[in-house]
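Q: Below is the file structure-v9.json, with JSON, C-alpha atoms and all ligand atoms.
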[["chain", "number", "residue", "atom", "x", "y", "z"],
["A", 1, "MET", "CA", 226.62, -23.24, 187.98],
["A", 2, "LEU", "CA", 229.07, -23.49, 190.84],
["A", 3, "LEU", "CA", 228.25, -24.88, 194.20],
["A", 4, "VAL", "CA", 230.05, -24.64, 197.49],
["A", 5, "ALA", "CA", 231.56, -27.96, 198.33],
["A", 6, "SER", "CA", 231.02, -29.44, 201.70],
["A", 7, "ALA", "CA", 234.56, -30.55, 202.38],
["A", 8, "LEU", "CA", 233.59, -33.64, 204.25],
["A", 9, "ALA", "CA", 230.62, -34.67, 202.12],
["A", 10, "GLY", "CA", 230.81, -38.35, 201.58],
["A", 11, "LEU", "CA", 234.08, -38.67, 203.44],
["A", 12, "LEU", "CA", 234.62, -42.31, 203.95],
["A", 13, "GLY", "CA", 237.63, -44.12, 205.12],
["A", 14, "CYS", "CA", 239.38, -45.94, 202.37],
["A", 15, "ALA", "CA", 242.82, -46.21, 203.74],
["A", 16, "GLN", "CA", 245.79, -47.75, 202.09],
["A", 17, "ARG", "CA", 249.51, -47.68, 202.54],
["A", 18, "ASN", "CA", 251.26, -45.14, 200.43],
["A", 19, "GLU", "CA", 254.96, -45.49, 201.03],
["A", 20, "SER", "CA", 256.33, -43.17, 198.43],
["A", 21, "GLN", "CA", 255.05, -39.72, 199.25],
["A", 22, "GLU", "CA", 258.07, -37.73, 198.16],
["A", 23, "ASP", "CA", 260.40, -38.33, 195.26],
["A", 24, "GLU", "CA", 263.42, -38.15, 197.55],
["A", 25, "LYS", "CA", 262.04, -40.85, 199.75],
["A", 26, "GLU", "CA", 261.22, -43.23, 196.92],
["A", 27, "GLU", "CA", 262.81, -46.62, 197.15],
["A", 28, "GLY", "CA", 265.54, -47.75, 194.82],
["A", 29, "TYR", "CA", 267.61, -45.86, 192.27],
["A", 30, "PRO", "CA", 266.33, -43.66, 189.44],
["A", 31, "LEU", "CA", 266.95, -45.28, 186.07],
["A", 32, "LEU", "CA", 266.75, -43.95, 182.51],
["A", 33, "GLY", "CA", 267.12, -46.29, 179.58],
["A", 34, "VAL", "CA", 265.90, -47.84, 176.34],
["A", 35, "VAL", "CA", 264.13, -51.20, 176.14],
["A", 36, "GLN", "CA", 266.20, -53.63, 174.05],
["A", 37, "GLY", "CA", 264.07, -56.70, 174.48],
["A", 38, "VAL", "CA", 260.91, -58.05, 176.08],
["A", 39, "ASP", "CA", 260.79, -61.52, 177.62],
["A", 40, "VAL", "CA", 257.08, -62.22, 178.13],
["A", 41, "GLU", "CA", 257.56, -65.70, 179.57],
["A", 42, "GLY", "CA", 260.40, -64.70, 181.86],
["A", 43, "VAL", "CA", 258.54, -61.47, 182.82],
["A", 44, "ALA", "CA", 261.68, -59.44, 182.19],
["A", 45, "LEU", "CA", 262.89, -56.48, 180.14],
["A", 46, "THR", "CA", 266.37, -56.04, 178.71],
["A", 47, "VAL", "CA", 267.26, -52.38, 179.14],
["A", 48, "ALA", "CA", 270.29, -50.36, 178.05],
["A", 49, "HIS", "CA", 270.45, -47.88, 180.90],
["A", 50, "GLU", "CA", 272.33, -44.68, 181.48],
["A", 51, "GLU", "CA", 274.72, -44.22, 184.37],
["A", 52, "ILE", "CA", 273.12, -44.63, 187.76],
["A", 53, "PRO", "CA", 275.01, -42.04, 189.82],
["A", 54, "ASP", "CA", 277.07, -43.50, 192.68],
["A", 55, "PHE", "CA", 275.91, -46.98, 191.81],
["A", 56, "MET", "CA", 276.44, -48.33, 188.31],
["A", 57, "PRO", "CA", 277.97, -47.30, 184.96],
["A", 58, "PRO", "CA", 275.85, -47.40, 181.76],
["A", 59, "MET", "CA", 275.16, -50.97, 180.65],
["A", 60, "THR", "CA", 272.61, -53.37, 179.20],
["A", 61, "MET", "CA", 270.93, -55.59, 181.76],
["A", 62, "VAL", "CA", 267.97, -57.91, 182.17],
["A", 63, "PHE", "CA", 265.50, -56.68, 184.79],
["A", 64, "ARG", "CA", 262.58, -58.41, 186.43],
["A", 65, "VAL", "CA", 259.34, -56.46, 185.96],
["A", 66, "SER", "CA", 255.61, -57.04, 186.53],
["A", 67, "PRO", "CA", 253.39, -59.10, 184.19],
["A", 68, "GLY", "CA", 251.65, -55.84, 183.17],
["A", 69, "ASP", "CA", 254.98, -54.31, 182.19],
["A", 70, "VAL", "CA", 255.84, -56.99, 179.61],
["A", 71, "LYS", "CA", 252.48, -56.30, 177.95],
["A", 72, "THR", "CA", 252.98, -52.53, 177.98],
["A", 73, "PHE", "CA", 256.56, -51.93, 176.89],
["A", 74, "LYS", "CA", 258.23, -52.81, 173.63],
["A", 75, "LYS", "CA", 261.64, -52.71, 172.03],
["A", 76, "GLY", "CA", 262.83, -49.16, 171.47],
["A", 77, "ASP", "CA", 260.73, -47.56, 174.22],
["A", 78, "GLN", "CA", 262.54, -44.93, 176.23],
["A", 79, "ILE", "CA", 261.73, -45.40, 179.89],
["A", 80, "LYS", "CA", 262.27, -44.02, 183.34],
["A", 81, "ALA", "CA", 261.90, -46.27, 186.36],
["A", 82, "ARG", "CA", 263.13, -47.07, 189.86],
["A", 83, "MET", "CA", 265.61, -49.90, 190.18],
["A", 84, "VAL", "CA", 265.37, -52.04, 193.30],
["A", 85, "ARG", "CA", 267.04, -55.28, 194.44],
["A", 86, "ASP", "CA", 265.05, -58.37, 195.23],
["A", 87, "GLU", "CA", 265.92, -60.41, 198.29],
["A", 88, "ASP", "CA", 267.93, -62.86, 196.18],
["A", 89, "GLY", "CA", 270.03, -60.02, 194.79],
["A", 90, "GLY", "CA", 268.29, -59.85, 191.40],
["A", 91, "PHE", "CA", 267.47, -56.45, 189.93],
["A", 92, "ARG", "CA", 263.89, -55.34, 189.43],
["A", 93, "LEU", "CA", 262.34, -52.27, 187.81],
["A", 94, "ILE", "CA", 259.26, -50.72, 189.37],
["A", 95, "LYS", "CA", 257.23, -47.60, 188.54],
["A", 96, "ILE", "CA", 258.16, -47.78, 184.87],
["A", 97, "TRP", "CA", 256.95, -44.91, 182.68],
["A", 98, "LYS", "CA", 257.46, -44.48, 178.97],
["A", 99, "ILE", "CA", 259.18, -41.23, 178.07],
["A", 100, "ASP", "CA", 257.49, -39.60, 175.09],
["A", 101, "ASP", "CA", 258.52, -35.97, 174.62],
["A", 102, "GLU", "CA", 255.78, -35.14, 172.14],
["A", 103, "ALA", "CA", 253.04, -36.59, 174.33],
["A", 104, "ALA", "CA", 254.59, -34.85, 177.35],
["A", 105, "ASP", "CA", 254.33, -31.48, 175.56],
["A", 106, "THR", "CA", 250.67, -32.04, 174.73],
["A", 107, "MET", "CA", 249.98, -33.07, 178.29],
["A", 108, "ARG", "CA", 251.68, -30.03, 179.76],
["A", 109, "ARG", "CA", 249.73, -27.72, 177.47],
["A", 110, "VAL", "CA", 246.35, -29.30, 178.15],
["A", 111, "ASN", "CA", 246.94, -29.64, 181.88],
["A", 112, "LYS", "CA", 247.94, -25.99, 182.11],
["A", 113, "ARG", "CA", 244.44, -25.15, 180.86],
["A", 114, "LEU", "CA", 243.04, -27.59, 183.40],
["A", 115, "ALA", "CA", 244.93, -25.81, 186.21],
["A", 116, "LYS", "CA", 243.61, -22.44, 185.00],
["A", 117, "THR", "CA", 240.02, -23.72, 184.90],
["A", 118, "VAL", "CA", 240.28, -25.17, 188.38],
["A", 119, "ASP", "CA", 242.04, -22.10, 189.79],
["A", 120, "GLU", "CA", 239.24, -19.93, 188.46],
["A", 121, "LEU", "CA", 236.74, -22.01, 190.40],
["A", 122, "GLY", "CA", 238.22, -20.72, 193.63],
["A", 123, "SER", "CA", 238.56, -22.73, 196.78],
["A", 124, "GLY", "CA", 235.46, -24.44, 198.08],
["A", 125, "TYR", "CA", 233.79, -24.61, 194.65],
["A", 126, "TYR", "CA", 233.47, -27.51, 192.30],
["A", 127, "LEU", "CA", 232.06, -28.43, 188.93],
["A", 128, "ALA", "CA", 228.40, -29.39, 189.13],
["A", 129, "GLU", "CA", 225.71, -30.71, 186.84],
["A", 130, "GLY", "CA", 225.40, -28.33, 183.91],
["A", 131, "ASP", "CA", 229.07, -27.33, 184.00],
["A", 132, "ALA", "CA", 231.54, -28.40, 181.34],
["A", 133, "PHE", "CA", 233.88, -31.20, 182.33],
["A", 134, "PRO", "CA", 237.39, -29.70, 182.13],
["A", 135, "GLU", "CA", 240.05, -30.61, 179.59],
["A", 136, "PHE", "CA", 242.71, -32.94, 180.93],
["A", 137, "ALA", "CA", 245.50, -35.09, 179.53],
["A", 138, "LEU", "CA", 246.48, -38.35, 181.19],
["A", 139, "VAL", "CA", 247.86, -41.75, 180.18],
["A", 140, "ASP", "CA", 245.79, -44.93, 180.00],
["A", 141, "GLN", "CA", 246.51, -48.58, 180.84],
["A", 142, "TYR", "CA", 247.97, -49.07, 177.35],
["A", 143, "GLY", "CA", 250.33, -46.12, 177.68],
["A", 144, "GLU", "CA", 248.25, -43.99, 175.29],
["A", 145, "THR", "CA", 247.42, -40.34, 175.96],
["A", 146, "VAL", "CA", 243.81, -39.69, 176.89],
["A", 147, "THR", "CA", 242.25, -36.24, 176.50],
["A", 148, "PRO", "CA", 238.58, -35.20, 176.34],
["A", 149, "THR", "CA", 239.08, -34.24, 172.69],
["A", 150, "ARG", "CA", 239.40, -37.95, 172.10],
["A", 151, "TYR", "CA", 235.81, -38.21, 173.31],
["A", 152, "VAL", "CA", 234.39, -35.42, 171.14],
["A", 153, "GLY", "CA", 230.82, -36.34, 170.33],
["A", 154, "LYS", "CA", 230.83, -39.24, 172.77],
["A", 155, "PRO", "CA", 229.31, -39.38, 176.25],
["A", 156, "PHE", "CA", 231.45, -40.78, 179.02],
["A", 157, "MET", "CA", 231.24, -42.07, 182.58],
["A", 158, "LEU", "CA", 234.10, -41.00, 184.82],
["A", 159, "ASN", "CA", 235.03, -41.94, 188.37],
["A", 160, "PHE", "CA", 238.04, -42.06, 190.69],
["A", 161, "ILE", "CA", 239.71, -45.14, 192.18],
["A", 162, "PHE", "CA", 243.12, -46.43, 193.12],
["A", 163, "THR", "CA", 244.34, -49.97, 192.70],
["A", 164, "ARG", "CA", 245.66, -50.53, 196.23],
["A", 165, "CYS", "CA", 242.38, -49.54, 197.87],
["A", 166, "THR", "CA", 241.40, -52.35, 200.19],
["A", 167, "ASP", "CA", 238.02, -51.04, 201.38],
["A", 168, "ALA", "CA", 235.70, -53.41, 199.54],
["A", 169, "GLU", "CA", 232.85, -50.88, 199.66],
["A", 170, "MET", "CA", 234.87, -48.11, 198.02],
["A", 171, "CYS", "CA", 237.10, -48.49, 194.94],
["A", 172, "PRO", "CA", 236.62, -52.25, 194.42],
["A", 173, "LEU", "CA", 232.83, -51.86, 194.49],
["A", 174, "SER", "CA", 232.95, -48.76, 192.26],
["A", 175, "THR", "CA", 235.05, -50.59, 189.70],
["A", 176, "SER", "CA", 232.66, -53.54, 189.74],
["A", 177, "LYS", "CA", 229.74, -51.17, 189.20],
["A", 178, "MET", "CA", 231.51, -49.42, 186.32],
["A", 179, "ALA", "CA", 232.20, -52.83, 184.76],
["A", 180, "THR", "CA", 228.53, -53.78, 185.17],
["A", 181, "LEU", "CA", 227.49, -50.50, 183.60],
["A", 182, "GLN", "CA", 229.87, -51.07, 180.70],
["A", 183, "ARG", "CA", 228.30, -54.49, 180.10],
["A", 184, "MET", "CA", 224.72, -53.21, 180.41],
["A", 185, "ALA", "CA", 225.41, -50.25, 178.13],
["A", 186, "LYS", "CA", 226.60, -52.68, 175.49],
["A", 187, "GLU", "CA", 223.51, -54.84, 175.93],
["A", 188, "GLU", "CA", 221.29, -51.76, 175.63],
["A", 189, "GLY", "CA", 223.01, -50.74, 172.42],
["A", 190, "LEU", "CA", 224.67, -47.60, 173.83],
["A", 191, "GLU", "CA", 227.53, -48.06, 171.42],
["A", 192, "ASP", "CA", 229.38, -44.80, 171.99],
["A", 193, "LEU", "CA", 229.37, -44.59, 175.81],
["A", 194, "GLU", "CA", 232.96, -44.53, 177.08],
["A", 195, "PHE", "CA", 234.35, -45.23, 180.55],
["A", 196, "ILE", "CA", 237.20, -43.49, 182.34],
["A", 197, "SER", "CA", 238.57, -44.25, 185.81],
["A", 198, "VAL", "CA", 241.10, -41.74, 187.16],
["A", 199, "THR", "CA", 243.59, -43.02, 189.73],
["A", 200, "LEU", "CA", 243.89, -41.22, 193.05],
["A", 201, "ASP", "CA", 247.38, -42.68, 193.43],
["A", 202, "PRO", "CA", 249.34, -41.75, 190.28],
["A", 203, "LYS", "CA", 252.71, -42.44, 191.87],
["A", 204, "TYR", "CA", 251.95, -46.10, 192.37],
["A", 205, "ASP", "CA", 249.40, -46.63, 189.59],
["A", 206, "THR", "CA", 251.56, -46.69, 186.46],
["A", 207, "PRO", "CA", 249.93, -47.69, 183.14],
["A", 208, "SER", "CA", 250.92, -51.33, 183.61],
["A", 209, "VAL", "CA", 249.62, -51.42, 187.19],
["A", 210, "LEU", "CA", 246.30, -50.13, 185.84],
["A", 211, "ARG", "CA", 246.36, -52.70, 183.06],
["A", 212, "THR", "CA", 246.83, -55.53, 185.53],
["A", 213, "TYR", "CA", 243.99, -54.07, 187.63],
["A", 214, "ALA", "CA", 241.61, -53.85, 184.65],
["A", 215, "ASP", "CA", 242.51, -57.41, 183.65],
["A", 216, "ALA", "CA", 241.80, -58.63, 187.18],
["A", 217, "TYR", "CA", 238.27, -57.24, 186.87],
["A", 218, "GLY", "CA", 237.87, -58.79, 183.43],
["A", 219, "ILE", "CA", 237.31, -55.34, 181.97],
["A", 220, "GLU", "CA", 237.36, -55.00, 178.19],
["A", 221, "GLY", "CA", 239.62, -51.97, 177.70],
["A", 222, "GLU", "CA", 238.44, -50.87, 174.26],
["A", 223, "ASN", "CA", 235.99, -48.30, 175.69],
["A", 224, "PHE", "CA", 237.16, -48.37, 179.33],
["A", 225, "ARG", "CA", 240.36, -46.51, 180.09],
["A", 226, "PHE", "CA", 242.05, -46.34, 183.47],
["A", 227, "VAL", "CA", 244.14, -43.19, 183.55],
["A", 228, "THR", "CA", 247.13, -41.90, 185.45],
["A", 229, "GLY", "CA", 249.83, -39.30, 184.85],
["A", 230, "GLU", "CA", 251.00, -35.95, 186.15],
["A", 231, "ARG", "CA", 250.25, -35.72, 189.82],
["A", 232, "ASP", "CA", 249.17, -32.08, 189.54],
["A", 233, "ALA", "CA", 246.68, -32.86, 186.78],
["A", 234, "VAL", "CA", 245.16, -35.63, 188.88],
["A", 235, "ARG", "CA", 244.98, -33.27, 191.84],
["A", 236, "GLN", "CA", 243.20, -30.61, 189.78],
["A", 237, "LEU", "CA", 240.60, -33.14, 188.65],
["A", 238, "ILE", "CA", 240.12, -34.26, 192.24],
["A", 239, "LYS", "CA", 239.63, -30.63, 193.27],
["A", 240, "SER", "CA", 237.25, -29.86, 190.41],
["A", 241, "MET", "CA", 235.03, -32.73, 191.50],
["A", 242, "ALA", "CA", 235.27, -31.77, 195.19],
["A", 243, "LEU", "CA", 236.65, -35.11, 196.21],
["A", 244, "THR", "CA", 238.12, -35.48, 199.63],
["A", 245, "HIS", "CA", 241.61, -36.87, 199.17],
["A", 246, "ILE", "CA", 243.96, -36.88, 202.10],
["A", 247, "GLU", "CA", 247.36, -38.54, 201.96],
["A", 248, "THR", "CA", 248.55, -38.96, 205.50],
["A", 249, "GLY", "CA", 251.87, -40.61, 204.85],
["A", 250, "GLU", "CA", 250.55, -44.09, 205.41],
["A", 251, "ASP", "CA", 247.04, -43.74, 204.02],
["A", 252, "ILE", "CA", 244.85, -42.24, 201.34],
["A", 253, "VAL", "CA", 241.49, -41.28, 202.76],
["A", 254, "HIS", "CA", 239.07, -40.33, 200.03],
["A", 255, "SER", "CA", 235.47, -39.84, 199.00],
["A", 256, "LEU", "CA", 233.90, -40.83, 195.68],
["A", 257, "ALA", "CA", 232.64, -38.88, 192.70],
["A", 258, "THR", "CA", 230.97, -40.45, 189.69],
["A", 259, "VAL", "CA", 229.88, -38.36, 186.72],
["A", 260, "LEU", "CA", 228.16, -38.78, 183.38],
["A", 261, "VAL", "CA", 229.31, -36.33, 180.71],
["A", 262, "ASP", "CA", 227.32, -35.77, 177.52],
["A", 263, "ARG", "CA", 228.43, -35.44, 173.89],
["A", 264, "ASP", "CA", 229.06, -31.71, 174.41],
["A", 265, "ARG", "CA", 231.28, -32.40, 177.44],
["A", 266, "LYS", "CA", 228.60, -31.14, 179.83],
["A", 267, "ILE", "CA", 228.19, -32.87, 183.20],
["A", 268, "VAL", "CA", 224.64, -34.26, 183.17],
["A", 269, "MET", "CA", 224.75, -36.42, 186.27],
["A", 270, "ARG", "CA", 227.02, -36.31, 189.29],
["A", 271, "SER", "CA", 226.97, -38.44, 192.40],
["A", 272, "VAL", "CA", 229.24, -38.22, 195.43],
["A", 273, "LYS", "CA", 227.44, -41.06, 197.12],
["A", 274, "LYS", "CA", 229.27, -44.21, 198.10],
["A", 275, "ALA", "CA", 226.13, -46.11, 197.07],
["A", 276, "TRP", "CA", 225.88, -44.53, 193.59],
["A", 277, "ASP", "CA", 223.41, -46.42, 191.46],
["A", 278, "PRO", "CA", 224.59, -47.72, 188.07],
["A", 279, "MET", "CA", 220.94, -48.09, 186.95],
["A", 280, "GLU", "CA", 220.34, -44.36, 187.48],
["A", 281, "PHE", "CA", 223.37, -43.57, 185.35],
["A", 282, "LEU", "CA", 222.31, -46.07, 182.70],
["A", 283, "ALA", "CA", 218.89, -44.43, 182.48],
["A", 284, "ALA", "CA", 220.51, -41.00, 182.15],
["A", 285, "ALA", "CA", 222.91, -42.28, 179.49],
["A", 286, "LYS", "CA", 220.00, -43.76, 177.51],
["A", 287, "ALA", "CA", 218.22, -40.41, 177.63],
["A", 288, "LEU", "CA", 221.16, -38.55, 176.05],
["B", 1, "CU", "CU", 239.29, -46.36, 197.65]]
As a first step, turn the structure in this file into structure tokens.

A:
Amino acid sequence: MLLVASALAGLLGCAQRNESQEDEKEEGYPLLGVVQGVDVEGVALTVAHEEIPDFMPPMTMVFRVSPGDVKTFKKGDQIKARMVRDEDGGFRLIKIWKIDDEAADTMRRVNKRLAKTVDELGSGYYLAEGDAFPEFALVDQYGETVTPTRYVGKPFMLNFIFTRCTDAEMCPLSTSKMATLQRMAKEEGLEDLEFISVTLDPKYDTPSVLRTYADAYGIEGENFRFVTGERDAVRQLIKSMALTHIETGEDIVHSLATVLVDRDRKIVMRSVKKAWDPMEFLAAAKAL
């Protein structure tokens, strides 16, 4: 069943700065390298990096990173990142992504199918209750690849958020409700219910940013994955769920979509309401 999407349904202002719209305009220098050491206490990574054109020859250096990064990356990881200078002249890596060619191949293949599925929907249509949730491949807060095949035979809750969202009634509230639902599902003995939150801001929300976000909410990550990845794949998911998502240079204005998907990957409940009710979803999950 396909339904015509009302483009502005549930459009609510959740605005947030989004400085890095285009790759060319991104701050700092592009860096490719291999992690040689992780200093958890010093919150730093030692990286042997390739030449940074017009800036620096190949060398091994210690870089400041975020607390999430020292939990995510380990010795031997190939990475790409942006290198920036702190005010005191120290070097810092931001937007760090692990390079994994095999995972990248899988992701490309799966997300090509996702693009095809969404293209076939046509503009103005979205996936509704009764439709199959599309295949996708993204990366979670631990740097692991997440695809629906991982959830074969398991129901899951899925929503969309981004970590920099400052509208308390939008992403922060949605994340709190998902966390509540995760806790209640456990109490009710719904052992196999999984949780997935897709970022609306994949350029900023790297795996370690998502990890720090999940930690801040005290979320147990075992069955709750925050996912990011290829921008196009995220966009296709946004489109398939008929979310409003407008990046205006400074802001991301978006609506919400929360879905419950059953063990056969069928969408059984879908809400685009800002005030979506976790109890309604819990009842539906119990009935599966
Ligand atoms: Cu938001």

Q: By how many Å are CA of Phe160 (chain A) and CA of Ile246 (chain A) apart?

A: 13.9 Å

Q: Return as a ChimeraX atom specification the residues of protein, DNA or RNA that approach ligand CU 1 (chain B) to within 9 Å, with all atoms listed in the file taken into account.

A: /A:12-16,160-172,174,200,252-256

Q: Out of A:Leu173, A:Ala132, A:Leu190, A:Val65, which residue has the shortest atom-to-atom distance to Ala275 (chain A) when counting all atoms listed in the file?

A: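 Using all atoms listed in the file, Ala275 (chain A) sits closest to A:Leu173.
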
Q: Can you build me a table of region 193-235 of chain A residues sitting at most 12 Å from region 21-45 of chain A, with the closest atom pair per residue and its distance in Å to one decimal, using only C-alpha atoms, sorted by chain and residue number, as JSON lines?

A:
{"residue": "A:Asp201", "atom": "CA", "partner": "A:Gln21", "partner_atom": "CA", "distance": 10.1}
{"residue": "A:Pro202", "atom": "CA", "partner": "A:Gln21", "partner_atom": "CA", "distance": 10.8}
{"residue": "A:Lys203", "atom": "CA", "partner": "A:Gln21", "partner_atom": "CA", "distance": 8.2}
{"residue": "A:Tyr204", "atom": "CA", "partner": "A:Gln21", "partner_atom": "CA", "distance": 9.9}
{"residue": "A:Arg231", "atom": "CA", "partner": "A:Gln21", "partner_atom": "CA", "distance": 11.3}

Q: In terms of the shortest atom-to-atom distance over only C-alpha atoms, which of A:Met83, A:Gly76, A:Leu243, A:Phe136 is closest to Val62 (chain A)?

A: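 Using only C-alpha atoms, the shortest distance to Val62 (chain A) belongs to A:Met83.
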
Q: Here is a test: counting only C-alpha atoms, which residue of A:Gly229, A:Pro155, A:Pro53, A:Gly189 is nearest to Asp264 (chain A)?

A: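 Closest candidate: A:Pro155.
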
Q: Rounded to one decimal in Å, what is the spacing between CA of Val227 (chain A) and CA of Val198 (chain A)?

A: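 Atom-to-atom, CA of Val227 (chain A) to CA of Val198 (chain A), that is 4.9 Å.
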
Q: For Lys71 (chain A), which residue among A:Met178, A:Leu237, A:Leu282, A:Val209 is the nearest when counting all atoms listed in the file?

A: A:Val209

Q: Using the file's own x, y and z axes, so that the box edges lie along x, y and z, what centre and edge lengths in Å (one decimal) does a box around every listed atom of region 99-102 of chain A get when 5 Å is added on each side? Give it as JSON.

A:
{"center_x": 257.5, "center_y": -38.2, "center_z": 175.1, "size_x": 13.4, "size_y": 16.1, "size_z": 15.9}

Q: When you count all atoms listed in the file, which of these residues is closest to Gly218 (chain A): A:Leu158, A:Ala284, A:Leu121, A:Ala179?

A: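 The closest residue to Gly218 (chain A) is A:Ala179.
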
Q: Would you compute the distance between CA of Lys266 (chain A) and CA of Asp119 (chain A)? Give it in Å to one decimal.

A: 19.0 Å

Q: What's around Met61 (chain A) at 7 Å? Count all atoms listed in the file, leave out sequence neighbours fewer than 6 positions away in its own chain, and write the answer as a list in words.

A: Thr46, Val47 and Ala48 of chain A

Q: Convert the current residue selection to file output with C-alpha atoms, as a CSV table (one decimal), in the coordinates of the input.

A:
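Output file part_38.csv follows:
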chain,number,residue,atom,x,y,z
A,46,THR,CA,266.4,-56.0,178.7
A,47,VAL,CA,267.3,-52.4,179.1
A,48,ALA,CA,270.3,-50.4,178.0

Q: Hey, which of A:Asp262, A:Glu187, A:Asp232, A:Asp77 ends up closest to Asp131 (chain A)? Count all atoms listed in the file.

A: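 Closest residue, counting all atoms listed in the file: A:Asp262.
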
Q: Pick out the residues sitting within 7 Å of region 142-151 of chain A, and hand them over as a ChimeraX atom specification; count all atoms listed in the file, and ignore anything fewer than 3 positions along from it in its own chain.

A: /A:72,103,135-139,154,207,211

Q: Those residues with C-alpha atoms, as a compact mmCIF listing (two decimals), in the coordinates of the input please?

A:
# COMPACT_ATOMS: atom_id res chain seq x y z
CA THR A 72 252.98 -52.53 177.98
CA ALA A 103 253.04 -36.59 174.33
CA GLU A 135 240.05 -30.61 179.59
CA PHE A 136 242.71 -32.94 180.93
CA ALA A 137 245.50 -35.09 179.53
CA LEU A 138 246.48 -38.35 181.19
CA VAL A 139 247.86 -41.75 180.18
CA LYS A 154 230.83 -39.24 172.77
CA PRO A 207 249.93 -47.69 183.14
CA ARG A 211 246.36 -52.70 183.06

Q: How close does each residue of region 178-271 of chain A get to region 67-70 of chain A, giving the shortest atom pair and distance in Å to one decimal for every residue with an atom at most 12 Å away, counting all atoms listed in the file, sorted by chain and residue number, as a tab-separated table?

A:
residue	atom	partner	partner_atom	distance
A:Asp205	CA	A:Gly68	CA	11.5
A:Thr206	CA	A:Asp69	CA	9.4
A:Pro207	CA	A:Gly68	CA	8.3
A:Ser208	CA	A:Gly68	CA	4.6
A:Val209	CA	A:Gly68	CA	6.3
A:Leu210	CA	A:Gly68	CA	8.3
A:Arg211	CA	A:Gly68	CA	6.2
A:Thr212	CA	A:Gly68	CA	5.4
A:Tyr213	CA	A:Gly68	CA	9.0
A:Ala214	CA	A:Gly68	CA	10.3
A:Asp215	CA	A:Gly68	CA	9.3
A:Ala216	CA	A:Gly68	CA	11.0

Q: Could you pull the residues within 9 Å of Lys98 (chain A), counting all atoms listed in the file, minus those fewer than 5 positions along the same chain, as a PyMOL selection string?

A: chain A and resi 73+77-81+143
